[in-house]
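Q: Structure provided below as structure tokens; questions to follow.
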Amino acid sequence: MLALFTQPIDAARMIAVPKIDWLAIGPPVVLFTAALAIVLLASLLRGRSLQHDLDDWVVLCAFAGPIEFWLGRFSAIRYNHDVFSIIVMLAGIGSVAFAMGVSIVRKHTFAASLVIALAGVISAVAITVAQWNVVRTSGSFTSMAGAVAVDGMAVFVMGVVLVATVFGLLLGTSWIRREQLEGPEFLALLLLCATGMLVMASANDLIVVFVALEVFSIALYVMTAFDRHRIESQEAGLKYFLLGAFSSAIFLYGVALTYGATGSTNLVTIRESLTGLVGGDNGLLMVGFALMLVGLGFKVAAAPFHMWTPDVYQGAPTPVTAFMAGATKVAAFGALLRIFVGSFDLLQTDWRPAVYGLAIVSMIVGSVAAIVQTDVKRMLAYSSIAHAGYVLIGVQVATESNGGLGGTSAALFYLGIYMLMAVGAFAVIQVVGRARETDSSLDDYKGLARKEPVLAGLLTLFLLAQAGVPLTAGFVAKLTVFKAAVDAGQFQIALIGMLSATVAAFVYLRIVLSMYSGDEHGSATPVEGNRLTVDLPVRITISLTAALVLLFGVVPGWLLDVAEHATSILAG
Amino acid sequence: MTPLLGAVKITTEYYLAVGALMFTIGAVGLLIRRNTLIMFMCVELMLNAVNLTFVAFAKRLNDAHGQAIVFFTLVVAAAEVAVGLAIIVAIFRRRQGVTADDVDLLKG
Amino acid sequence: MLGAQLLVAENAFFYVIAAVMAYGAIRVVTTNNIVHAALYLVVVLAGGAAQYLLLGQEFVAWVQVIVYIGAVIVLFLFGIMLTRAPMKAEEKLTNDLRGAALIPTGLLAAILATLCLDAFSDKTVDLVSPIRTKAVTSAIFRGYLVPFEVVGVLLLGALIGAVVLARRD
């Protein structure tokens with residue numbers, strides 16, 4: 001038996017694990033570590049039985065410091081005086097500081113979790129910036145046995161997701177305080193969700209895409225159902241869960257068929273093997289990527305796979321809706337671009353018509369169905385479907401043979417801007433919704449402009465931006481997408497896009513008119529009563545997003561530049 | 001006996017066909033059933049069908065990666081079951097019943 | 001001679017298992033008793049494990065038995081008990097979405113048609129050389145190291161989520 005342990009390990013029998021490339025996997029690792037720290041903090045400081053142990057421990061630590069110090073003084077005679085006494089003193093000070101820290105943190109577990117979460121996101125942003133510099137100077141690269149790709153698109157998508165995560169954390173903080181729910185768990189789930197999205201942004205393997213998709217989907221199901229006080233939230237969670245699991249299974253079946261047809265799940269390898277397959281029609285591959293398109297179509301909420309969107313956007317807690325609209329779309333579109341534009345671009349004649357059709361149906365369904373809604377969250381849910389349609393225009397022209405890479409950069413730019421507009425609008429809706437989110441119907445917005453002129457003005461700004469009014473970022477975003485389509489000679493889809501934007505503008509104007517209309521008829525609305533409370537996190541979110549929407553509307557050059565440099569997709 | 005059964009060689013396509021059949025049965029079930037637990041079992045049927053497809057392809061390509069994927073699918077399925085049942089139990093506490101009539105999946 | 005007999009045995013087993021799986025799957029979808037549905041799901045999963053064995057993939061087959069039949073089904077039964085779902089037959093367990101169900105049926109037709117038109121049909125399943133577990137291990141820890149790690153994140157998320165949602169207060 002002992003021989004088993006003493007035997008030298010045969011090097012030839014060991015598995016050569018790929019070298020860990022910390023730069024490439026840094027952002028998700030940092031976020032995951034932060035989530036883990038929050039979970040540990042919350043569970044250690046909240047457990048009822050642990051509470052007493054911890055009290056004892058804190059007292060022990062507090063006493064241990066001085067005792068150690070004196071012990072150190074005595075024993076220092078025999079040991080190296082300087083080093084030993086310094087170590088003991090540091091240990092003493094450390095344990096006192098730890099004891100004080102624990103007692104402070106236990107009183108403010110949520111604040112401490114928020115600090116950890118924000119620190120995690122900021123470190124992840126720093127690593128992302130480092131990656132951007134590496135990609136700009138020495139080009140894209142893959143690592144971890146080809147499963148992770150670091151390229152312009154990955155870094156751009158990660159950046160947008162991280163910014164959305166900051167906003168999600170801020171909005172979530174305000175909401176958690178208002179509704180008195182488990183804060184640290186919510187923050188940890190949000191971070192895990194963002195971790196999945198970051199992995200997805202740089203996933204260079206279909207299995208990594210699938211697993212990452214599941215990570216953020218499962219976190220989103222839970223966050224959607226997080227509000228214990230409202231049965232709508234839990235029903236929305238159930239609906240999202242069932243349809244999400246359905247779409248994941250469809251996506252995975254597509255991966256299976258693609259694997260069968262090409263012999264690999266690695267996107268670069270798939271692309272290489274496609275060169276031999278072009279010309280002959282390969283049924284497996286066709287069905288495979290059709291199923292993957294359906295699966296991702298569910299996630300980006302493109303019609304006709306949008307049936308979950310209105311209920312889930314309406315039922316989910318508003319900060320979750322904001323995060324879902326901002327970040328999920330970006331991450332899923334990142335995977336869509338990488339798989340279809342990056343890996344399958346040789347088969348573009350096969351998939352382009354499908355994406356073209358999805359774009360048109362999404363724009364029309366999203367704009368027209370929003371008209372008949374009476375709930376503001378539901379209206380914005382339908383408008384998010386239309387926005388997915390505009391991004392899809394960019395995706396389907398994003399192949400090298402026509403119009404260059406204009407499509408990719410237009411789609412990425414649109415996604416970045418949409419994140420800002422959606423987060424801003426939902427932040428205002430969160431405030432107006434009040435406790436238990438009771439007020440989100442169009443009637444509740446009557447007379448808002450008189451009671452809360454600043455909030456109403458800012459919501460108007462976000463809605464006008466979503467409608468694509470000039471001098472807002474939304475206008476520039478729509479312009480770049482339509483320009484990419486026209487450059488590629490696709491006048492019809494640009495025309496349909498403009499028409500649907502006109503129809504959608506009517507929807508946004510309905511909300512704006514409702515806010516500025518007289519309040520004689522909506523007599524007893526709660527808006528008439530006490531003022532709305534806008535706390536600091538929400539204030540920061542709304543003012544930042546509003547400033548950025550205006551800034552990129554007037555001087556879009558910088559972000560457009562970044563988006564243009566972000567078009568490098570490694571497999572492409 | 002021998003000519004009857006030995007006449008047709010079983011190729012990978014047979015396994016793929018079984019997988020496709022199971023996947024479709026699962027998808028149909030998810031859409032026509034209204035009990036959430038059974039809908040949920042239908043998702044498991046679909047994932048299981050995908051696993052069979054992966055293993056069949058792995059066999060034909062003589063590639064171990066297809067089998068490795070099965071493990072990831074298993075973990076994903078287990079995680080989905082845990083979260084899904086938690087949601088169902090949470091709803092049940094509020095409303096004493098999981099027949100979920102008002103969770104219309106296809107209501108726009 | 002041995003090869004021919006093996007072939008016959010394989011064919012016979014394949015058809016029997018496939019038929020059992022199909023029957024089980026259809027019963028999961030059509031039965032009016034939730035507990036029966038869970039038990040029919042066991043039949044389908046066991047059939048899957050048997051198919052893996054037939055394909056010479058023993059490790060996956062036993063993992064399927066242990067994880068799926070051992071854990072997932074038990075979770076389902078717990079779910080049935082916790083929600084006190086009726087153990088007896090119920091009338092209205094299907095809804096009126098039969099029209100929508102035609103879409104996936106059409107999908108099946110498309111998939112099967114493409115599979116039949118597929119070009120690889122000449123290669124029979126090789127029973128003699130199974131893929132060794134060592135190769136599977138190597139695939140997981142070499143090529144699929146990243147998904148393996150990410151699956152850990154997934155499990156943590158599911159754990160937190162399940163605890164938060166199911167907590168009684």
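Labeling convention for the structure tokens: chains A, B, ... as they appear, residues from 1 per chain, ligands from 1 in order of appearance.
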Would you write out, as a Markdown table, a table of all residues in segment 203-318 of chain A that have an atom no more than 12 Å from an atom of segment 28-41 of chain A, listing for each the closest atom pair and the distance in Å to one decimal, considering only C-alpha atoms and ordering rows by chain and rising residue number?
A:
| residue | atom | partner | partner_atom | distance |
| --- | --- | --- | --- | --- |
| A:Ala203 | CA | A:Pro28 | CA | 11.5 |
| A:Ala212 | CA | A:Pro28 | CA | 10.7 |
| A:Val215 | CA | A:Phe32 | CA | 11.5 |
| A:Phe216 | CA | A:Pro28 | CA | 12.0 |
Q: List the spatial neighbours of Leu274 of chain A as a ChimeraX atom specification - criterion: any atom at most 10 Å away, only C-alpha atoms, same-chain residues fewer than 5 positions off excluded.
A: /A:261-262,268-269,279,285,343-347
Q: Using the selection just defined, write its residues with N, CA and C atoms as a PDB file, in the first residue's frame.
A:
ATOM      1  N   ALA A 261     -20.576  16.878 -37.566  1.00  0.00           N
ATOM      2  CA  ALA A 261     -20.258  17.206 -38.950  1.00  0.00           C
ATOM      3  C   ALA A 261     -18.807  17.626 -39.119  1.00  0.00           C
ATOM      4  N   THR A 262     -18.230  18.280 -38.111  1.00  0.00           N
ATOM      5  CA  THR A 262     -16.880  18.813 -38.280  1.00  0.00           C
ATOM      6  C   THR A 262     -15.840  18.070 -37.455  1.00  0.00           C
ATOM      7  N   VAL A 268     -11.993  27.546 -33.997  1.00  0.00           N
ATOM      8  CA  VAL A 268     -10.952  27.711 -35.008  1.00  0.00           C
ATOM      9  C   VAL A 268     -10.830  26.442 -35.848  1.00  0.00           C
ATOM     10  N   THR A 269     -10.856  25.290 -35.163  1.00  0.00           N
ATOM     11  CA  THR A 269     -10.775  24.024 -35.886  1.00  0.00           C
ATOM     12  C   THR A 269     -11.980  23.854 -36.806  1.00  0.00           C
ATOM     13  N   GLY A 279     -19.319  23.980 -50.679  1.00  0.00           N
ATOM     14  CA  GLY A 279     -19.669  23.466 -52.002  1.00  0.00           C
ATOM     15  C   GLY A 279     -20.668  22.345 -51.874  1.00  0.00           C
ATOM     16  N   LEU A 285     -24.601  19.906 -40.693  1.00  0.00           N
ATOM     17  CA  LEU A 285     -24.085  21.217 -40.332  1.00  0.00           C
ATOM     18  C   LEU A 285     -25.186  22.269 -40.428  1.00  0.00           C
ATOM     19  N   SER A 343     -16.728  32.013 -37.156  1.00  0.00           N
ATOM     20  CA  SER A 343     -16.413  30.635 -37.486  1.00  0.00           C
ATOM     21  C   SER A 343     -17.115  30.138 -38.743  1.00  0.00           C
ATOM     22  N   PHE A 344     -18.358  30.568 -38.926  1.00  0.00           N
ATOM     23  CA  PHE A 344     -19.141  30.043 -40.046  1.00  0.00           C
ATOM     24  C   PHE A 344     -19.202  31.009 -41.216  1.00  0.00           C
ATOM     25  N   ASP A 345     -18.254  31.943 -41.307  1.00  0.00           N
ATOM     26  CA  ASP A 345     -18.441  32.965 -42.335  1.00  0.00           C
ATOM     27  C   ASP A 345     -18.313  32.384 -43.735  1.00  0.00           C
ATOM     28  N   LEU A 346     -17.698  31.208 -43.860  1.00  0.00           N
ATOM     29  CA  LEU A 346     -17.628  30.583 -45.183  1.00  0.00           C
ATOM     30  C   LEU A 346     -18.993  30.098 -45.641  1.00  0.00           C
ATOM     31  N   LEU A 347     -19.885  29.866 -44.663  1.00  0.00           N
ATOM     32  CA  LEU A 347     -21.226  29.393 -45.011  1.00  0.00           C
ATOM     33  C   LEU A 347     -22.241  30.518 -44.935  1.00  0.00           C
TER      34      LEU A 347
END
Q: Using Å and a single decimal, report how far atom CA of Ala201 of chain A sits from atom CA of Ala335 of chain A.
A: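 Atom CA of Ala201 of chain A lies 6.4 Å from atom CA of Ala335 of chain A.
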Q: Which is closer to Tyr15 of chain B than all the others in C:Ala49, C:Val60, C:Leu55, C:Val151, using only C-alpha atoms?
A: C:Leu55
Q: Taking only C-alpha atoms into account, name the residue in C:Gln64, C:Gln57, C:Thr31, C:Gln51 that is nearest to Lys134 of chain C.
A: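 Going through C:Gln64, C:Gln57, C:Thr31, C:Gln51 one by one, the smallest distance to Lys134 of chain C is for C:Gln57.
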Q: From the list B:Ala58, B:Ala64, B:Ile87, B:Gly26, which residue is nearest Ile38 of chain B when using only C-alpha atoms?
A: B:Gly26
Q: If we count only C-alpha atoms, what is near Glu185 of chain A at a cut-off of 12 Å, once residues fewer than 2 positions away on the same chain are taken out, given as a tab-separated table (two decimals) with N, CA and C atoms, in the first residue's frame?
A:
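So the final result, stored in result_18.tsv, reads:
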chain	number	residue	atom	x	y	z
A	35	ALA	N	-17.20	36.85	-5.86
A	35	ALA	CA	-18.47	36.21	-5.51
A	35	ALA	C	-18.26	35.20	-4.38
A	36	LEU	N	-17.17	34.45	-4.50
A	36	LEU	CA	-16.87	33.45	-3.47
A	36	LEU	C	-16.63	34.12	-2.13
A	37	ALA	N	-15.88	35.24	-2.15
A	37	ALA	CA	-15.60	35.95	-0.91
A	37	ALA	C	-16.90	36.43	-0.27
A	38	ILE	N	-17.83	36.92	-1.10
A	38	ILE	CA	-19.09	37.41	-0.55
A	38	ILE	C	-19.87	36.26	0.08
A	39	VAL	N	-19.90	35.12	-0.61
A	39	VAL	CA	-20.64	33.98	-0.08
A	39	VAL	C	-20.05	33.54	1.25
A	40	LEU	N	-18.72	33.46	1.31
A	40	LEU	CA	-18.06	33.04	2.55
A	40	LEU	C	-18.36	34.03	3.67
A	41	LEU	N	-18.23	35.30	3.34
A	41	LEU	CA	-18.49	36.35	4.33
A	41	LEU	C	-19.91	36.22	4.87
A	42	ALA	N	-20.85	36.12	3.94
A	42	ALA	CA	-22.25	36.09	4.37
A	42	ALA	C	-22.55	34.85	5.19
A	43	SER	N	-22.02	33.70	4.74
A	43	SER	CA	-22.39	32.48	5.44
A	43	SER	C	-21.68	32.38	6.78
A	46	ARG	N	-23.39	35.02	9.16
A	46	ARG	CA	-24.81	34.96	9.39
A	46	ARG	C	-25.25	33.72	10.13
A	109	THR	N	-22.66	43.69	6.96
A	109	THR	CA	-22.32	42.62	6.03
A	109	THR	C	-22.60	43.04	4.59
A	110	PHE	N	-23.75	43.69	4.41
A	110	PHE	CA	-24.13	44.03	3.04
A	110	PHE	C	-23.18	45.06	2.44
A	113	SER	N	-20.05	43.41	1.52
A	113	SER	CA	-20.20	42.63	0.28
A	113	SER	C	-20.18	43.54	-0.93
A	114	LEU	N	-20.83	44.68	-0.80
A	114	LEU	CA	-20.86	45.60	-1.93
A	114	LEU	C	-19.45	46.09	-2.25
A	117	ALA	N	-17.65	43.37	-4.01
A	117	ALA	CA	-18.15	43.21	-5.37
A	117	ALA	C	-17.60	44.30	-6.28
A	169	LEU	N	-25.09	46.30	-9.86
A	169	LEU	CA	-24.79	46.27	-8.43
A	169	LEU	C	-25.40	47.49	-7.74
A	172	GLY	N	-29.18	47.21	-7.78
A	172	GLY	CA	-29.54	46.10	-6.89
A	172	GLY	C	-29.43	46.52	-5.43
A	173	THR	N	-28.38	47.29	-5.10
A	173	THR	CA	-28.22	47.75	-3.72
A	173	THR	C	-29.43	48.54	-3.25
A	176	ILE	N	-32.45	46.18	-2.94
A	176	ILE	CA	-32.35	45.27	-1.79
A	176	ILE	C	-32.71	46.02	-0.51
A	181	LEU	N	-34.37	42.37	1.38
A	181	LEU	CA	-34.10	40.99	0.97
A	181	LEU	C	-32.66	40.63	1.28
A	182	GLU	N	-32.29	39.36	0.99
A	182	GLU	CA	-30.94	38.92	1.29
A	182	GLU	C	-29.96	39.58	0.34
A	183	GLY	N	-29.24	40.55	0.83
A	183	GLY	CA	-28.36	41.32	-0.04
A	183	GLY	C	-27.15	40.57	-0.54
A	187	LEU	N	-25.92	39.94	-4.55
A	187	LEU	CA	-24.68	40.46	-5.16
A	187	LEU	C	-23.82	39.31	-5.68
A	188	ALA	N	-23.74	38.22	-4.90
A	188	ALA	CA	-22.93	37.08	-5.34
A	188	ALA	C	-23.49	36.50	-6.63
A	189	LEU	N	-24.83	36.38	-6.70
A	189	LEU	CA	-25.43	35.83	-7.92
A	189	LEU	C	-25.18	36.74	-9.11
A	190	LEU	N	-25.26	38.04	-8.88
A	190	LEU	CA	-25.02	38.99	-9.97
A	190	LEU	C	-23.58	38.83	-10.47
A	191	LEU	N	-22.64	38.67	-9.55
A	191	LEU	CA	-21.25	38.50	-9.96
A	191	LEU	C	-21.05	37.18	-10.70
A	192	LEU	N	-21.70	36.11	-10.21
A	192	LEU	CA	-21.57	34.82	-10.90
A	192	LEU	C	-22.14	34.91	-12.31
A	219	ALA	N	-28.05	31.75	-13.04
A	219	ALA	CA	-28.04	32.89	-12.12
A	219	ALA	C	-29.21	33.83	-12.43
A	222	VAL	N	-32.58	32.55	-11.12
A	222	VAL	CA	-32.72	32.75	-9.67
A	222	VAL	C	-32.98	34.23	-9.38
A	223	MET	N	-32.24	35.11	-10.04
A	223	MET	CA	-32.43	36.54	-9.76
A	223	MET	C	-33.82	37.00	-10.20
A	226	PHE	N	-36.18	36.22	-7.54
A	226	PHE	CA	-35.60	36.54	-6.24
A	226	PHE	C	-36.57	37.26	-5.30
C	156	LEU	N	-21.66	26.37	-8.07
C	156	LEU	CA	-21.79	27.34	-6.97
C	156	LEU	C	-23.03	28.20	-7.17
C	157	GLY	N	-23.24	28.66	-8.41
C	157	GLY	CA	-24.42	29.48	-8.68
C	157	GLY	C	-25.70	28.72	-8.37
C	158	ALA	N	-25.76	27.47	-8.81
C	158	ALA	CA	-26.97	26.67	-8.57
C	158	ALA	C	-27.18	26.45	-7.08
C	159	LEU	N	-26.09	26.26	-6.37
C	159	LEU	CA	-26.18	26.02	-4.92
C	159	LEU	C	-26.76	27.25	-4.21
C	160	ILE	N	-26.15	28.42	-4.48
C	160	ILE	CA	-26.64	29.64	-3.84
C	160	ILE	C	-28.10	29.86	-4.23
C	161	GLY	N	-28.37	29.70	-5.52
C	161	GLY	CA	-29.72	29.96	-6.00
C	161	GLY	C	-30.74	29.07	-5.33
C	162	ALA	N	-30.45	27.78	-5.27
C	162	ALA	CA	-31.42	26.86	-4.68
C	162	ALA	C	-31.65	27.19	-3.21
C	163	VAL	N	-30.58	27.52	-2.50
C	163	VAL	CA	-30.73	27.84	-1.07
C	163	VAL	C	-31.56	29.10	-0.89
C	164	VAL	N	-31.24	30.14	-1.67
C	164	VAL	CA	-31.95	31.41	-1.52
C	164	VAL	C	-33.43	31.25	-1.81
C	165	LEU	N	-33.72	30.49	-2.90
C	165	LEU	CA	-35.12	30.40	-3.32
C	165	LEU	C	-35.94	29.53	-2.39
Q: Ranking A:Leu479, A:Val503, A:Val287, A:Leu532 by minimum distance to Ile111 of chain C and counting only C-alpha atoms, which one comes first?
A: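 Using only C-alpha atoms, the shortest distance to Ile111 of chain C belongs to A:Val287.
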Q: Please identify every residue of chain C that has at least one atom no more than 6 Å from any atom of chain A, counting only C-alpha atoms, and report them as an NGL selection string.
A: :C and (114 or 142-143 or 147 or 154 or 161)
Q: Would you write out those residues with N, CA and C atoms, as an mmCIF file, in the first residue's frame?
A:
data_model
loop_
_atom_site.group_PDB
_atom_site.id
_atom_site.type_symbol
_atom_site.label_atom_id
_atom_site.label_comp_id
_atom_site.auth_asym_id
_atom_site.auth_seq_id
_atom_site.Cartn_x
_atom_site.Cartn_y
_atom_site.Cartn_z
ATOM 1 N N THR C 114 -32.367 14.981 -43.113
ATOM 2 C CA THR C 114 -30.969 15.292 -43.392
ATOM 3 C C THR C 114 -30.061 14.146 -42.983
ATOM 4 N N ARG C 142 -7.391 18.181 -20.600
ATOM 5 C CA ARG C 142 -6.500 18.861 -21.529
ATOM 6 C C ARG C 142 -7.306 19.842 -22.385
ATOM 7 N N GLY C 143 -8.137 19.308 -23.274
ATOM 8 C CA GLY C 143 -8.872 20.198 -24.169
ATOM 9 C C GLY C 143 -9.984 20.947 -23.457
ATOM 10 N N PRO C 147 -13.982 24.528 -19.675
ATOM 11 C CA PRO C 147 -15.357 24.190 -19.288
ATOM 12 C C PRO C 147 -15.427 23.429 -17.970
ATOM 13 N N LEU C 154 -20.733 27.131 -12.207
ATOM 14 C CA LEU C 154 -22.144 26.788 -12.402
ATOM 15 C C LEU C 154 -22.724 26.136 -11.153
ATOM 16 N N GLY C 161 -28.368 29.702 -5.519
ATOM 17 C CA GLY C 161 -29.723 29.964 -6.005
ATOM 18 C C GLY C 161 -30.745 29.074 -5.333
#
Q: Give me, as a Markdown table, each residue of chain B that comes within 7 Å of chain C, together with its shortest interatomic pair and the distance in Å at one decimal, counting only C-alpha atoms, with rows ordered by chain and rising residue number.
A:
| residue | atom | partner | partner_atom | distance |
| --- | --- | --- | --- | --- |
| B:Thr2 | CA | C:Val8 | CA | 6.6 |
| B:Leu5 | CA | C:Val8 | CA | 5.6 |
| B:Gly6 | CA | C:Val8 | CA | 5.0 |
| B:Lys9 | CA | C:Thr124 | CA | 6.4 |
| B:Ile10 | CA | C:Thr124 | CA | 6.0 |
| B:Thr11 | CA | C:Thr124 | CA | 4.5 |
| B:Thr12 | CA | C:Val125 | CA | 6.3 |
| B:Glu13 | CA | C:Leu115 | CA | 6.7 |
| B:Ala17 | CA | C:Leu112 | CA | 6.6 |
| B:Val18 | CA | C:Ala18 | CA | 6.6 |
| B:Ala20 | CA | C:Leu108 | CA | 6.5 |
| B:Met22 | CA | C:Ala25 | CA | 6.7 |
| B:Thr24 | CA | C:Leu108 | CA | 6.0 |
| B:Ile25 | CA | C:Ile26 | CA | 6.7 |
| B:Ala27 | CA | C:Pro104 | CA | 6.4 |
| B:Val28 | CA | C:Ala101 | CA | 5.2 |
| B:Gly29 | CA | C:Val29 | CA | 5.0 |
| B:Leu31 | CA | C:Ala101 | CA | 6.0 |
| B:Ile32 | CA | C:Leu97 | CA | 5.4 |
| B:Arg33 | CA | C:Thr94 | CA | 4.2 |
| B:Arg34 | CA | C:Thr94 | CA | 5.2 |
| B:Asn35 | CA | C:Leu93 | CA | 6.0 |
| B:Ile38 | CA | C:Ile34 | CA | 6.8 |
| B:Leu52 | CA | C:Gly48 | CA | 6.9 |
| B:Arg60 | CA | C:Val125 | CA | 6.9 |
| B:Ala64 | CA | C:Val136 | CA | 5.0 |
| B:His65 | CA | C:Ala139 | CA | 5.5 |
| B:Gln67 | CA | C:Val136 | CA | 6.5 |
| B:Ala68 | CA | C:Val136 | CA | 5.7 |
| B:Ala78 | CA | C:Val72 | CA | 6.2 |
| B:Ala79 | CA | C:Ala158 | CA | 5.5 |
| B:Ala82 | CA | C:Ala162 | CA | 6.2 |
| B:Val83 | CA | C:Ala162 | CA | 5.0 |
| B:Leu85 | CA | C:Gly79 | CA | 6.0 |
| B:Ala86 | CA | C:Ala166 | CA | 5.1 |
| B:Ile87 | CA | C:Leu165 | CA | 6.3 |
| B:Val89 | CA | C:Thr83 | CA | 6.1 |
| B:Ala90 | CA | C:Ala166 | CA | 5.6 |
| B:Phe92 | CA | C:Thr83 | CA | 6.0 |
| B:Gly97 | CA | C:Thr83 | CA | 7.0 |
Q: In Å, rounded to a single decimal, give me how far atom CA of Gly334 of chain A is from atom CA of Ser123 of chain A.
A: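 Interatomic distance here is 21.8 Å.
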Q: Set the cut-off to 6 Å and count only C-alpha atoms: what are the residues of chain A that reach chain B? Output as an MDAnalysis selection string.
A: chainID A and resid 249 253 256 260 307
Q: Create the file for the chosen residues now, containing N, CA and C atoms and written as an mmCIF file, in the first residue's frame.
A:
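Saved result, part.cif, follows:
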data_model
loop_
_atom_site.group_PDB
_atom_site.id
_atom_site.type_symbol
_atom_site.label_atom_id
_atom_site.label_comp_id
_atom_site.auth_asym_id
_atom_site.auth_seq_id
_atom_site.Cartn_x
_atom_site.Cartn_y
_atom_site.Cartn_z
ATOM 1 N N ALA A 249 -31.254 23.394 -24.360
ATOM 2 C CA ALA A 249 -31.209 22.047 -24.925
ATOM 3 C C ALA A 249 -31.143 22.114 -26.444
ATOM 4 N N TYR A 253 -28.148 20.712 -28.792
ATOM 5 C CA TYR A 253 -28.346 19.769 -29.893
ATOM 6 C C TYR A 253 -27.651 20.286 -31.152
ATOM 7 N N ALA A 256 -24.119 19.502 -30.842
ATOM 8 C CA ALA A 256 -23.860 18.080 -31.089
ATOM 9 C C ALA A 256 -23.786 17.800 -32.581
ATOM 10 N N GLY A 260 -20.633 16.569 -34.811
ATOM 11 C CA GLY A 260 -20.662 15.392 -35.671
ATOM 12 C C GLY A 260 -20.206 15.697 -37.081
ATOM 13 N N MET A 307 -41.141 34.864 -26.853
ATOM 14 C CA MET A 307 -42.375 34.791 -26.056
ATOM 15 C C MET A 307 -42.152 34.916 -24.561
#
